[in-house]
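Novice: Sending over structure_21.txt (compact mmCIF, C-alpha atoms).
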```txt
# COMPACT_ATOMS: atom_id res chain seq x y z
CA MET A 198 -15.49 32.28 -17.92
CA GLU A 199 -13.06 29.63 -18.94
CA LEU A 200 -12.97 26.48 -16.84
CA MET A 201 -10.05 24.30 -15.81
CA LYS A 202 -9.79 20.85 -14.35
CA LEU A 203 -9.04 20.51 -10.65
CA GLU A 204 -8.06 17.30 -8.91
CA ILE A 205 -7.44 16.91 -5.20
CA ILE A 206 -5.93 13.53 -4.41
CA THR A 207 -5.02 12.02 -1.05
CA PRO A 208 -3.43 8.65 -0.30
CA ASN A 209 -6.94 7.44 0.56
CA GLY A 210 -8.52 8.43 -2.69
CA VAL A 211 -9.74 11.28 -4.84
CA ILE A 212 -11.49 14.01 -2.84
CA PHE A 213 -12.37 16.39 -5.62
CA ASP A 214 -12.37 16.04 -9.40
CA ALA A 215 -14.31 18.54 -11.49
CA ASN A 216 -14.05 21.54 -13.75
CA VAL A 217 -13.84 24.79 -11.81
CA LYS A 218 -13.55 28.52 -12.43
CA GLN A 219 -10.96 29.40 -9.87
CA VAL A 220 -9.05 27.90 -6.98
CA THR A 221 -7.19 29.54 -4.10
CA LEU A 222 -4.37 27.50 -2.63
CA PRO A 223 -2.37 27.83 0.60
CA GLY A 224 1.13 27.80 -0.89
CA SER A 225 4.16 27.67 1.36
CA GLU A 226 5.24 31.09 0.10
CA GLY A 227 1.78 32.54 0.58
CA GLU A 228 -1.71 32.05 -0.62
CA PHE A 229 -2.27 32.22 -4.36
CA GLY A 230 -5.17 31.98 -6.75
CA VAL A 231 -5.18 30.02 -9.98
CA LEU A 232 -7.34 30.60 -13.03
CA ALA A 233 -7.39 28.68 -16.28
CA ARG A 234 -4.28 29.13 -18.47
CA HIS A 235 -2.02 29.67 -15.53
CA ALA A 236 1.68 29.16 -16.24
CA THR A 237 3.17 25.82 -15.20
CA LEU A 238 3.97 25.86 -11.52
CA VAL A 239 4.93 23.40 -8.85
CA SER A 240 4.54 24.45 -5.26
CA LEU A 241 4.60 23.15 -1.74
CA LEU A 242 1.28 23.48 0.09
CA ASP A 243 1.02 24.43 3.73
CA THR A 244 -1.63 23.63 6.27
CA GLY A 245 -4.71 25.55 5.26
CA VAL A 246 -7.86 25.68 3.24
CA ILE A 247 -8.29 25.32 -0.51
CA VAL A 248 -11.16 27.51 -1.67
CA ILE A 249 -12.75 26.50 -4.96
CA GLU A 250 -15.14 28.42 -7.15
CA THR A 251 -17.14 25.79 -8.99
CA SER A 252 -18.48 26.03 -12.53
CA ASP A 253 -21.85 27.21 -11.19
CA SER A 254 -20.14 29.97 -9.17
CA LYS A 255 -20.57 28.33 -5.78
CA GLN A 256 -17.80 28.35 -3.24
CA VAL A 257 -16.62 25.11 -1.71
CA ALA A 258 -13.66 24.49 0.55
CA VAL A 259 -11.30 21.65 1.34
CA ALA A 260 -9.11 21.68 4.45
CA ILE A 261 -5.67 20.13 3.97
CA ASN A 262 -2.64 19.52 6.14
CA SER A 263 0.19 19.60 3.63
CA GLY A 264 1.09 18.54 0.14
CA TYR A 265 2.09 19.58 -3.34
CA VAL A 266 0.33 21.25 -6.20
CA LYS A 267 1.09 21.14 -9.87
CA VAL A 268 -0.52 23.71 -12.07
CA ASP A 269 -0.41 23.83 -15.82
CA GLU A 270 -2.48 25.58 -18.47
CA ILE A 271 -5.43 23.25 -18.37
CA LYS A 272 -5.19 21.34 -15.15
CA THR A 273 -4.42 21.76 -11.46
CA THR A 274 -3.44 18.69 -9.49
CA CYS A 275 -3.14 18.77 -5.71
CA LEU A 276 -1.40 15.87 -4.00
CA VAL A 277 -2.14 16.22 -0.30
CA ASP A 278 -1.47 14.05 2.74
CA GLY A 279 -4.81 14.55 4.39
CA ALA A 280 -7.88 16.46 3.31
CA VAL A 281 -11.43 17.02 4.49
CA ALA A 282 -14.02 18.28 2.04
CA LEU A 283 -16.19 21.01 3.55
CA PHE A 284 -19.35 20.61 1.57
CA GLY A 285 -22.51 18.57 1.64
CA ASP A 286 -25.65 18.68 3.82
CA ASP A 287 -25.84 20.65 7.05
CA SER A 288 -25.38 17.62 9.27
CA GLU A 289 -22.53 16.29 7.14
CA LEU A 290 -20.97 19.71 7.06
CA ALA A 291 -21.02 20.13 10.82
CA LYS A 292 -19.24 16.81 11.17
CA ALA A 293 -16.79 17.67 8.40
CA LEU A 294 -15.95 20.97 10.13
CA GLU A 295 -15.04 19.12 13.31
CA VAL A 296 -12.92 16.59 11.42
CA ALA A 297 -11.23 19.40 9.51
CA LYS A 298 -10.32 21.23 12.71
CA GLU A 299 -8.87 18.01 14.14
CA LEU A 300 -6.85 17.49 10.98
CA LEU A 301 -5.48 21.01 10.99
CA LYS A 302 -4.55 20.87 14.66
CA SER A 303 -2.74 17.57 14.27
CA THR A 304 -0.22 18.95 11.77
CA GLU A 305 3.30 20.05 12.55
CA ALA A 306 2.82 23.47 11.04
CA SER A 307 3.44 26.63 13.05
CA ASN A 308 0.73 27.65 15.47
CA ILE A 309 -0.02 30.75 13.49
CA ALA A 310 -0.70 28.79 10.33
CA ILE A 311 -2.96 26.40 12.21
CA ALA A 312 -4.82 29.22 13.91
CA THR A 313 -5.37 31.00 10.60
CA ALA A 314 -6.62 27.83 8.96
CA VAL A 315 -8.92 26.89 11.83
CA SER A 316 -10.47 30.35 11.94
CA LYS A 317 -10.99 30.14 8.21
CA VAL A 318 -12.73 26.81 8.60
CA GLU A 319 -14.97 28.32 11.28
CA GLN A 320 -15.76 31.24 9.03
CA ILE A 321 -16.71 28.90 6.22
CA GLY A 322 -18.94 27.04 8.65
CA LYS A 323 -20.78 30.28 9.36
CA THR A 324 -21.20 31.47 5.79
CA LEU A 325 -22.32 28.20 4.24
CA MET B 821 -10.43 -54.09 9.12
CA ALA B 822 -10.48 -50.55 10.32
CA ASN B 823 -12.63 -49.87 13.28
CA LEU B 824 -15.99 -48.41 12.26
CA LYS B 825 -16.01 -45.96 15.12
CA ASP B 826 -12.53 -44.70 14.28
CA ILE B 827 -13.48 -44.00 10.72
CA LYS B 828 -16.61 -42.20 11.79
CA ARG B 829 -14.63 -40.03 14.14
CA LYS B 830 -12.14 -39.22 11.41
CA ILE B 831 -14.91 -38.22 9.03
CA SER B 832 -16.43 -35.78 11.48
CA SER B 833 -13.01 -34.33 12.27
CA VAL B 834 -12.26 -33.74 8.60
CA LYS B 835 -15.69 -32.21 8.17
CA ASN B 836 -14.93 -29.76 10.96
CA THR B 837 -11.64 -28.80 9.34
CA GLN B 838 -13.50 -28.24 6.13
CA LYS B 839 -15.89 -25.88 7.88
CA THR B 840 -12.98 -23.89 9.28
CA THR B 841 -11.16 -23.61 6.00
CA ARG B 842 -14.32 -22.60 4.20
CA ALA B 843 -14.97 -19.87 6.75
CA MET B 844 -11.40 -18.62 6.39
CA LYS B 845 -11.80 -18.52 2.65
CA LEU B 846 -14.94 -16.43 2.95
CA VAL B 847 -13.26 -14.03 5.37
CA SER B 848 -10.28 -13.66 3.05
CA SER B 849 -12.40 -12.99 0.02
CA ALA B 850 -14.33 -10.28 1.88
CA LYS B 851 -11.09 -8.71 3.08
CA LEU B 852 -9.59 -8.99 -0.36
CA ARG B 853 -12.42 -7.01 -1.86
CA ARG B 854 -11.84 -4.22 0.63
CA THR B 855 -8.09 -4.18 0.18
CA GLU B 856 -8.44 -4.23 -3.59
CA GLU B 857 -10.59 -1.14 -3.38
CA LEU B 858 -8.01 0.55 -1.18
CA ALA B 859 -5.24 -0.39 -3.59
CA LYS B 860 -7.19 1.00 -6.50
CA ARG B 861 -7.75 4.30 -4.75
CA SER B 862 -4.18 4.75 -3.61
CA LYS B 863 -2.86 3.86 -7.02
CA VAL B 864 -4.17 7.18 -8.36
CA TYR B 865 -2.03 9.06 -5.87
CA ALA B 866 1.02 6.90 -6.56
CA ASN B 867 0.73 7.46 -10.30
CA LYS B 868 0.33 11.22 -9.98
CA LEU B 869 3.29 11.44 -7.64
CA THR B 870 5.53 9.51 -9.98
CA GLU B 871 4.31 11.65 -12.87
CA LEU B 872 5.22 14.80 -11.00
CA ILE B 873 8.71 13.59 -10.12
CA GLU B 874 9.23 12.46 -13.68
CA GLU B 875 8.23 15.82 -14.99
CA ILE B 876 10.51 17.74 -12.66
CA ALA B 877 13.42 15.41 -13.40
CA GLN B 878 12.75 15.78 -17.08
CA LYS B 879 12.72 19.58 -16.81
CA MET B 880 15.99 19.52 -14.93
CA GLN B 881 17.63 17.32 -17.49
CA GLN B 882 16.27 19.31 -20.38
CA ASN B 883 17.53 22.58 -18.99
CA GLN B 884 20.73 20.98 -17.75
CA VAL B 885 20.62 22.77 -14.47
CA GLY B 886 21.90 19.71 -12.67
CA GLY B 887 19.97 18.64 -9.64
CA LEU B 888 19.94 15.07 -10.83
CA ASP B 889 23.19 14.88 -8.89
CA ASN B 890 20.96 15.28 -5.86
CA ILE B 891 21.81 12.66 -3.26
CA TYR B 892 18.58 10.79 -3.96
CA PHE B 893 19.46 10.35 -7.61
CA GLN B 894 23.15 9.54 -7.20
CA ASN B 895 23.81 6.01 -8.26
CA VAL B 896 26.74 4.47 -6.44
CA GLU B 897 28.90 2.50 -8.85
CA ASN B 898 30.17 -0.13 -6.45
CA PRO B 899 27.81 -0.27 -3.50
CA LYS B 900 29.36 -1.52 -0.26
CA VAL B 901 26.23 -1.82 1.82
CA VAL B 902 22.78 -2.64 0.57
CA ASP B 903 19.60 -2.54 2.62
CA ILE B 904 16.83 -4.92 1.70
CA VAL B 905 13.38 -4.03 2.96
CA PHE B 906 11.00 -6.92 2.60
CA VAL B 907 7.35 -7.40 3.40
CA THR B 908 5.81 -10.64 4.61
CA ALA B 909 2.50 -11.40 6.27
CA ASP B 910 1.98 -11.55 10.03
CA LYS B 911 0.01 -14.74 9.68
CA GLY B 912 0.52 -18.02 7.89
CA LEU B 913 -1.96 -20.37 6.21
CA CYS B 914 -1.62 -18.62 2.92
CA GLY B 915 0.19 -21.18 0.80
CA GLY B 916 3.60 -20.24 -0.50
CA PHE B 917 3.01 -16.53 -0.13
CA ASN B 918 5.67 -15.83 2.49
CA THR B 919 8.09 -18.46 1.30
CA GLN B 920 8.21 -16.92 -2.15
CA THR B 921 9.26 -13.56 -0.74
CA ILE B 922 11.83 -15.13 1.58
CA LYS B 923 13.28 -17.20 -1.26
CA LYS B 924 13.69 -14.06 -3.35
CA VAL B 925 15.36 -12.25 -0.47
CA ASN B 926 17.72 -15.20 0.03
CA ALA B 927 18.58 -15.17 -3.67
CA LEU B 928 19.35 -11.45 -3.46
CA ILE B 929 21.52 -11.98 -0.39
CA GLU B 930 23.49 -14.67 -2.23
CA GLN B 931 23.87 -12.45 -5.24
CA PHE B 932 25.17 -9.52 -3.21
CA LYS B 933 27.43 -11.74 -1.15
CA SER B 934 29.10 -12.99 -4.31
CA GLN B 935 29.80 -9.36 -5.18
CA GLU B 936 31.14 -8.86 -1.67
CA VAL B 937 28.46 -6.42 -0.70
CA GLU B 938 27.25 -6.25 2.86
CA VAL B 939 23.52 -6.86 3.11
CA ARG B 940 21.36 -5.52 5.89
CA LEU B 941 17.83 -6.75 6.26
CA ARG B 942 14.84 -4.78 7.38
CA ALA B 943 11.79 -6.89 7.90
CA VAL B 944 8.11 -6.05 7.90
CA GLY B 945 5.79 -8.81 9.09
CA ARG B 946 6.14 -11.55 11.67
CA LYS B 947 6.69 -14.48 9.28
CA GLY B 948 9.82 -12.99 7.74
CA ILE B 949 11.15 -11.93 11.12
CA ASP B 950 10.61 -15.41 12.55
CA TYR B 951 12.36 -17.03 9.61
CA TYR B 952 15.52 -14.94 9.84
CA LYS B 953 15.59 -15.08 13.63
CA PHE B 954 15.41 -18.87 13.43
CA ASN B 955 18.30 -18.89 10.98
CA ASN B 956 20.31 -16.51 13.15
CA PHE B 957 20.39 -13.77 10.58
CA GLU B 958 20.62 -10.38 12.16
CA LEU B 959 17.85 -7.96 11.24
CA LYS B 960 18.70 -4.27 11.15
CA SER B 961 15.16 -3.29 11.97
CA GLU B 962 11.84 -5.04 12.19
CA ILE B 963 8.21 -4.16 12.58
CA VAL B 964 5.18 -6.33 13.33
CA GLY B 965 1.54 -5.44 12.77
CA LEU B 966 2.11 -3.10 9.86
CA SER B 967 1.52 -5.66 7.15
CA ALA B 968 -1.82 -6.73 8.63
CA SER B 969 -3.19 -3.21 8.79
CA PRO B 970 -1.11 -0.77 6.76
CA ASN B 971 -1.27 2.81 7.88
CA PHE B 972 0.56 5.62 6.25
CA GLU B 973 2.06 7.22 9.35
CA SER B 974 3.80 4.11 10.69
CA ALA B 975 4.88 3.06 7.20
CA ALA B 976 6.38 6.51 6.63
CA LYS B 977 8.14 6.42 9.99
CA PHE B 978 9.63 3.01 9.31
CA ILE B 979 10.90 3.80 5.84
CA SER B 980 12.18 7.29 6.61
CA GLU B 981 14.60 5.75 9.10
CA VAL B 982 15.87 3.56 6.28
CA ALA B 983 16.09 6.49 3.91
CA GLU B 984 17.95 8.46 6.55
CA SER B 985 20.72 5.86 6.64
CA CYS B 986 21.00 6.10 2.88
CA VAL B 987 21.31 9.87 2.94
CA ASN B 988 24.01 9.90 5.61
CA GLY B 989 25.97 7.31 3.69
CA GLU B 990 25.55 4.31 5.96
CA THR B 991 24.11 2.37 3.10
CA ASN B 992 24.38 2.85 -0.65
CA LYS B 993 21.26 1.28 -1.94
CA ILE B 994 17.80 0.40 -0.72
CA ILE B 995 15.91 -2.43 -2.33
CA MET B 996 12.35 -3.36 -1.53
CA VAL B 997 10.94 -6.85 -1.99
CA HIS B 998 7.30 -7.72 -1.62
CA ASN B 999 4.84 -10.23 -2.96
CA GLY B 1000 2.36 -8.21 -4.94
CA TYR B 1001 -1.16 -8.67 -6.14
CA VAL B 1002 -1.67 -9.38 -9.83
CA ASN B 1003 -5.20 -10.72 -9.91
CA MET B 1004 -7.48 -12.97 -7.89
CA ILE B 1005 -5.40 -16.05 -8.55
CA THR B 1006 -1.87 -14.79 -9.13
CA GLN B 1007 0.72 -13.07 -7.02
CA ALA B 1008 4.14 -12.00 -8.18
CA VAL B 1009 7.25 -11.14 -6.18
CA LYS B 1010 8.29 -7.60 -6.99
CA VAL B 1011 11.77 -6.20 -6.46
CA ASP B 1012 12.13 -2.43 -6.61
CA GLN B 1013 15.08 -0.18 -6.14
CA LEU B 1014 13.85 2.53 -3.82
CA LEU B 1015 16.94 4.62 -3.40
CA PRO B 1016 18.75 6.09 -5.18
CA VAL B 1017 15.86 6.90 -7.47
CA ASP B 1018 16.65 5.25 -10.75
CA SER B 1019 16.57 8.20 -13.12
CA SER B 1020 17.10 5.92 -16.09
CA LYS B 1021 13.76 4.31 -15.34
CA LEU B 1022 11.87 7.59 -15.30
CA LYS B 1023 10.20 8.56 -18.52
CA LEU B 1024 12.07 11.61 -19.58
CA GLU B 1025 10.38 12.48 -22.82
CA VAL B 1026 9.47 16.05 -23.40
CA VAL B 1027 5.92 16.59 -22.21
CA SER B 1028 5.53 20.32 -22.40
CA THR B 1029 7.99 22.99 -23.29
CA SER B 1030 6.55 25.80 -21.27
CA GLU B 1031 8.64 27.14 -18.45
CA MET B 1032 8.00 25.92 -14.97
CA GLU B 1033 7.94 27.94 -11.81
CA VAL B 1034 8.88 26.25 -8.60
CA GLU B 1035 8.02 27.46 -5.13
CA PRO B 1036 9.93 27.49 -2.81
CA ASP B 1037 12.84 27.80 -5.20
CA GLU B 1038 15.82 28.53 -2.94
CA ASP B 1039 17.20 25.04 -2.65
CA ASP B 1040 16.15 21.48 -3.16
CA THR B 1041 13.39 21.66 -0.54
CA LEU B 1042 10.66 20.82 -2.97
CA LEU B 1043 12.46 17.99 -4.73
CA THR B 1044 13.77 16.50 -1.50
CA GLY B 1045 10.31 16.65 0.00
CA LEU B 1046 8.75 15.11 -3.05
CA ILE B 1047 11.20 12.25 -3.12
CA LYS B 1048 10.75 11.60 0.58
CA ARG B 1049 7.05 11.46 -0.01
CA TYR B 1050 7.65 9.16 -2.98
CA ILE B 1051 9.65 6.74 -0.85
CA GLU B 1052 7.13 6.80 1.98
CA TYR B 1053 4.34 6.24 -0.40
CA SER B 1054 6.12 3.41 -2.20
CA MET B 1055 6.44 1.69 1.15
CA TYR B 1056 2.77 2.23 1.95
CA TYR B 1057 1.73 1.05 -1.46
CA ALA B 1058 3.90 -2.06 -1.15
CA LEU B 1059 2.13 -2.84 2.11
CA ILE B 1060 -1.32 -2.53 0.58
CA ASP B 1061 -0.27 -4.48 -2.48
CA SER B 1062 1.21 -7.18 -0.28
CA LEU B 1063 -1.92 -7.32 1.87
CA ALA B 1064 -4.13 -7.78 -1.16
CA ALA B 1065 -1.81 -10.52 -2.39
CA GLU B 1066 -1.83 -12.15 1.05
CA HIS B 1067 -5.60 -12.31 1.07
CA SER B 1068 -5.80 -13.68 -2.44
CA ALA B 1069 -3.12 -16.27 -1.60
CA ARG B 1070 -4.96 -17.27 1.54
CA MET B 1071 -8.21 -17.48 -0.35
CA GLN B 1072 -6.62 -19.85 -2.81
CA ALA B 1073 -4.92 -21.93 -0.15
CA MET B 1074 -8.12 -22.26 1.84
CA ASP B 1075 -10.09 -23.10 -1.27
CA ALA B 1076 -7.65 -25.90 -2.03
CA ALA B 1077 -7.83 -27.06 1.58
CA THR B 1078 -11.62 -27.16 1.46
CA ASN B 1079 -11.53 -29.18 -1.73
CA ASN B 1080 -8.99 -31.58 -0.28
CA ALA B 1081 -11.14 -32.05 2.80
CA LYS B 1082 -14.13 -32.76 0.58
CA GLU B 1083 -12.13 -35.35 -1.31
CA MET B 1084 -10.97 -36.92 1.92
CA VAL B 1085 -14.50 -37.14 3.32
CA LYS B 1086 -15.54 -38.90 0.13
CA LYS B 1087 -12.73 -41.43 0.42
CA LEU B 1088 -13.38 -42.00 4.09
CA THR B 1089 -17.08 -42.51 3.48
CA VAL B 1090 -16.34 -45.21 0.92
CA LYS B 1091 -13.97 -46.80 3.39
CA TYR B 1092 -16.60 -46.59 6.10
CA ASN B 1093 -19.25 -48.21 3.91
CA LYS B 1094 -16.89 -50.98 2.91
CA ALA B 1095 -16.04 -51.68 6.53
CA ARG B 1096 -19.71 -51.68 7.44
CA GLN B 1097 -20.51 -54.10 4.63
CA GLU B 1098 -17.63 -56.28 5.71
CA SER B 1099 -18.86 -56.49 9.28
CA ILE B 1100 -22.39 -57.32 8.11
CA THR B 1101 -21.07 -60.08 5.88
CA THR B 1102 -19.00 -61.54 8.70
CA GLU B 1103 -21.98 -61.44 10.99
CA LEU B 1104 -24.17 -63.19 8.42
CA ILE B 1105 -21.57 -65.87 7.85
CA GLU B 1106 -21.38 -66.42 11.57
CA ILE B 1107 -25.17 -66.77 11.87
CA ILE B 1108 -25.40 -69.10 8.88
CA SER B 1109 -22.53 -71.30 10.02
CA GLY B 1110 -24.07 -71.38 13.49
CA MET B 1111 -27.35 -72.58 12.03
CA GLU B 1112 -25.52 -75.13 9.84
CA SER B 1113 -23.79 -76.63 12.87
CA MET B 1114 -27.10 -77.01 14.71
CA LYS B 1115 -28.58 -79.18 11.94
```
Can you give me the file's structure in the form of structure tokens?

Specialist:
Amino acid sequence: MELMKLEIITPNGVIFDANVKQVTLPGSEGEFGVLARHATLVSLLDTGVIVIETSDSKQVAVAINSGYVKVDEIKTTCLVDGAVALFGDDSELAKALEVAKELLKSTEASNIAIATAVSKVEQIGKTL
Amino acid sequence: MANLKDIKRKISSVKNTQKTTRAMKLVSSAKLRRTEELAKRSKVYANKLTELIEEIAQKMQQNQVGGLDNIYFQNVENPKVVDIVFVTADKGLCGGFNTQTIKKVNALIEQFKSQEVEVRLRAVGRKGIDYYKFNNFELKSEIVGLSASPNFESAAKFISEVAESCVNGETNKIIMVHNGYVNMITQAVKVDQLLPVDSSKLKLEVVSTSEMEVEPDEDDTLLTGLIKRYIEYSMYYALIDSLAAEHSARMQAMDAATNNAKEMVKKLTVKYNKARQESITTELIEIISGMESMK
């Protein structure tokens, strides 16, 4: 399967930068998935969770509060205000899950969006 | 002849000052390293954001759909009111760091006054605020504490108020002045036009010719949001840049102070030794002449 480059950047630094198979993004007009060779697209991102399928077919997630994404044929760039990466060791992960929930709850998004995102984070916590 | 005791006291006092300045230098260099790291990391975001805006602007121009007449891009021919946002440190003891910024702001005020433009000042950092308060210059808004520890939320809040007044027509132009970090030993005052976004400065070469989808696409939500973010981030970045420059300036100033103190101790020690020698000689002469008179 063809790979594409994914970058997730926050004001405090780069959170994720690697080649991936697929990424699912919480767009403001609804969730959407991106594969390599996607048409150029710029979209607003809502509070939610970015789900990434890495090159070795593992799933990782990054919780974000809001931001922008720019997709072109070879590269996807996410510019987000705040993000928490949900991967790493068990102890790190447990901490990250808590931080992620805090981050999601602190946003100004609608309650429904927050609730959806938080439950998704919890689900990820269970499956990983 | 200077009193021996006085000189001794002076030497120890200068030595103490030297200790203080050396400690301050060390603190600044540690802080500088941290701030530099922060600046490096946030630069990635700043660059990507500018890239994205450039690309959208370029697409709009290429397809001639307008949009560059968006309020944020509209350049006012003869501005009546100009807002100057400037960043100074909260603390002194950093050489000419703050003065340089203030001088630049004063020059800009003069320049705009000669064009009969009203200037409103918005100050970040205690030193700048103190200066203009002392000179009875009214500040439109001011904030203390932000330049010592920049955080995105407060920076965004501060600058969005400024941007608001530009959008509703209160002011025509927003200019930002800050003393930025170049390298360990140089700082440079930077003047940027924040609003309206200078579309002539954006690189508008054709990057890719493929069509671009935009979501949400009803109105200017995306572009407006992006530009807001761009302004907020420019402010935040200016703060970090200024903080790094402040630390490097302080490091330099304290280094110079330490060296000066060293020099002074050297001079005083020579003076002390001379005075000591002098007093010994006098004493000897007294003893000898005493003995002579007893013969």

Novice: Contacts of A:Ala310 at 12 Å or less, counting all atoms listed in the file, minus same-chain residues fewer than 3 places along, as a list in words?

Specialist: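 Here the answer would be Pro223, Gly224, Ser225, Gly227, Glu228, Leu242, Asp243, Thr244, Gly245, Val246, Ile261, Asn262, Ser263, Leu301, Lys302, Thr304, Glu305, Ala306, Ser307, Thr313, Ala314, Val315, Ser316 and Lys317 of chain A.
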
Novice: Pick out the closest residue to B:Val1085 from this set: B:Leu1042, B:Ile831, B:Val944, B:Ala1069. Count only C-alpha atoms.

Specialist: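 Once distances to B:Val1085 are computed over only C-alpha atoms, the minimum belongs to B:Ile831.
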
Novice: Name the closest residue to A:Gln219 among the candidates A:Ile247, A:Leu238, A:Ile205, A:Val281; distances are taken between atoms, counting only C-alpha atoms.

Specialist: A:Ile247

Novice: So that each row is one residue of chain B with an atom at most 12 Å from chain A, can you give its shortest atom pair and the distance in Å to one decimal, using all atoms listed in the file, rows by chain and rising number, as a Markdown table?

Specialist:
```
| residue | atom | partner | partner_atom | distance |
| --- | --- | --- | --- | --- |
| B:Thr855 | CA | A:Asn209 | CA | 11.7 |
| B:Glu857 | CA | A:Gly210 | CA | 9.8 |
| B:Leu858 | CA | A:Asn209 | CA | 7.2 |
| B:Ala859 | CA | A:Asn209 | CA | 9.0 |
| B:Lys860 | CA | A:Gly210 | CA | 8.5 |
| B:Arg861 | CA | A:Gly210 | CA | 4.7 |
| B:Ser862 | CA | A:Pro208 | CA | 5.2 |
| B:Lys863 | CA | A:Pro208 | CA | 8.3 |
| B:Val864 | CA | A:Gly210 | CA | 7.3 |
| B:Tyr865 | CA | A:Pro208 | CA | 5.8 |
| B:Ala866 | CA | A:Pro208 | CA | 7.9 |
| B:Asn867 | CA | A:Leu276 | CA | 10.7 |
| B:Lys868 | CA | A:Leu276 | CA | 7.8 |
| B:Leu869 | CA | A:Leu276 | CA | 7.4 |
| B:Thr870 | CA | A:Leu276 | CA | 11.1 |
| B:Glu871 | CA | A:Lys267 | CA | 10.5 |
| B:Leu872 | CA | A:Lys267 | CA | 7.7 |
| B:Ile873 | CA | A:Val239 | CA | 10.6 |
| B:Glu875 | CA | A:Lys267 | CA | 10.3 |
| B:Ile876 | CA | A:Val239 | CA | 8.8 |
| B:Lys879 | CA | A:Thr237 | CA | 11.5 |
| B:Pro970 | CA | A:Asn209 | CA | 11.8 |
| B:Asn971 | CA | A:Pro208 | CA | 10.3 |
| B:Phe972 | CA | A:Pro208 | CA | 8.2 |
| B:Glu973 | CA | A:Asp278 | CA | 10.1 |
| B:Ala976 | CA | A:Asp278 | CA | 11.6 |
| B:Val1027 | CA | A:Asp269 | CA | 11.5 |
| B:Ser1028 | CA | A:Thr237 | CA | 9.4 |
| B:Thr1029 | CA | A:Thr237 | CA | 9.8 |
| B:Ser1030 | CA | A:Thr237 | CA | 6.9 |
| B:Glu1031 | CA | A:Thr237 | CA | 6.5 |
| B:Met1032 | CA | A:Thr237 | CA | 4.8 |
| B:Glu1033 | CA | A:Leu238 | CA | 4.5 |
| B:Val1034 | CA | A:Val239 | CA | 4.9 |
| B:Glu1035 | CA | A:Ser240 | CA | 4.6 |
| B:Pro1036 | CA | A:Glu226 | CA | 6.6 |
| B:Asp1037 | CA | A:Ser240 | CA | 9.0 |
| B:Glu1038 | CA | A:Glu226 | CA | 11.3 |
| B:Asp1040 | CA | A:Leu241 | CA | 11.8 |
| B:Thr1041 | CA | A:Leu241 | CA | 9.0 |
| B:Leu1042 | CA | A:Leu241 | CA | 6.6 |
| B:Leu1043 | CA | A:Leu241 | CA | 9.9 |
| B:Thr1044 | CA | A:Leu241 | CA | 11.3 |
| B:Gly1045 | CA | A:Leu241 | CA | 8.8 |
| B:Leu1046 | CA | A:Tyr265 | CA | 8.0 |
| B:Ile1047 | CA | A:Tyr265 | CA | 11.7 |
| B:Lys1048 | CA | A:Gly264 | CA | 11.9 |
| B:Arg1049 | CA | A:Gly264 | CA | 9.3 |
| B:Tyr1050 | CA | A:Leu276 | CA | 11.3 |
| B:Glu1052 | CA | A:Pro208 | CA | 11.0 |
| B:Tyr1053 | CA | A:Pro208 | CA | 8.1 |
| B:Ser1054 | CA | A:Pro208 | CA | 11.1 |
| B:Tyr1056 | CA | A:Pro208 | CA | 9.2 |
| B:Tyr1057 | CA | A:Pro208 | CA | 9.3 |
| B:Ile1060 | CA | A:Pro208 | CA | 11.4 |
```

Novice: Just how far from atom CA of B:Phe906 is atom CA of B:Ile979, in Å to one decimal?

Specialist: 11.2 Å

Novice: Tell me, in Å to one decimal, how far atom CA of A:Asn308 is from atom CA of A:Ala291.

Specialist: 23.5 Å

Novice: Using only C-alpha atoms, which residue out of B:Leu1014, B:Val1090, B:Val997, B:Cys986 lies closest to B:Ile922?

Specialist: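 Among the listed residues, B:Val997 lies closest to B:Ile922.
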
Novice: Counting all atoms listed in the file, find residues at most 10 Å from (-12.9, 29.7, -10.8) (file frame) and give them as a PyMOL selection string.

Specialist: chain A and resi 198-201+203+216-221+230-233+248-256

Novice: Work out how far atom CA of B:Ala1058 is from atom CA of B:Arg854, in Å to one decimal.

Specialist: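 Those two atoms sit 16.0 Å apart.
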
Novice: Ranking A:Glu204, A:His235, A:Ile309, A:Ser303 by minimum distance to A:Ile271 and counting only C-alpha atoms, which one comes first?

Specialist: A:His235
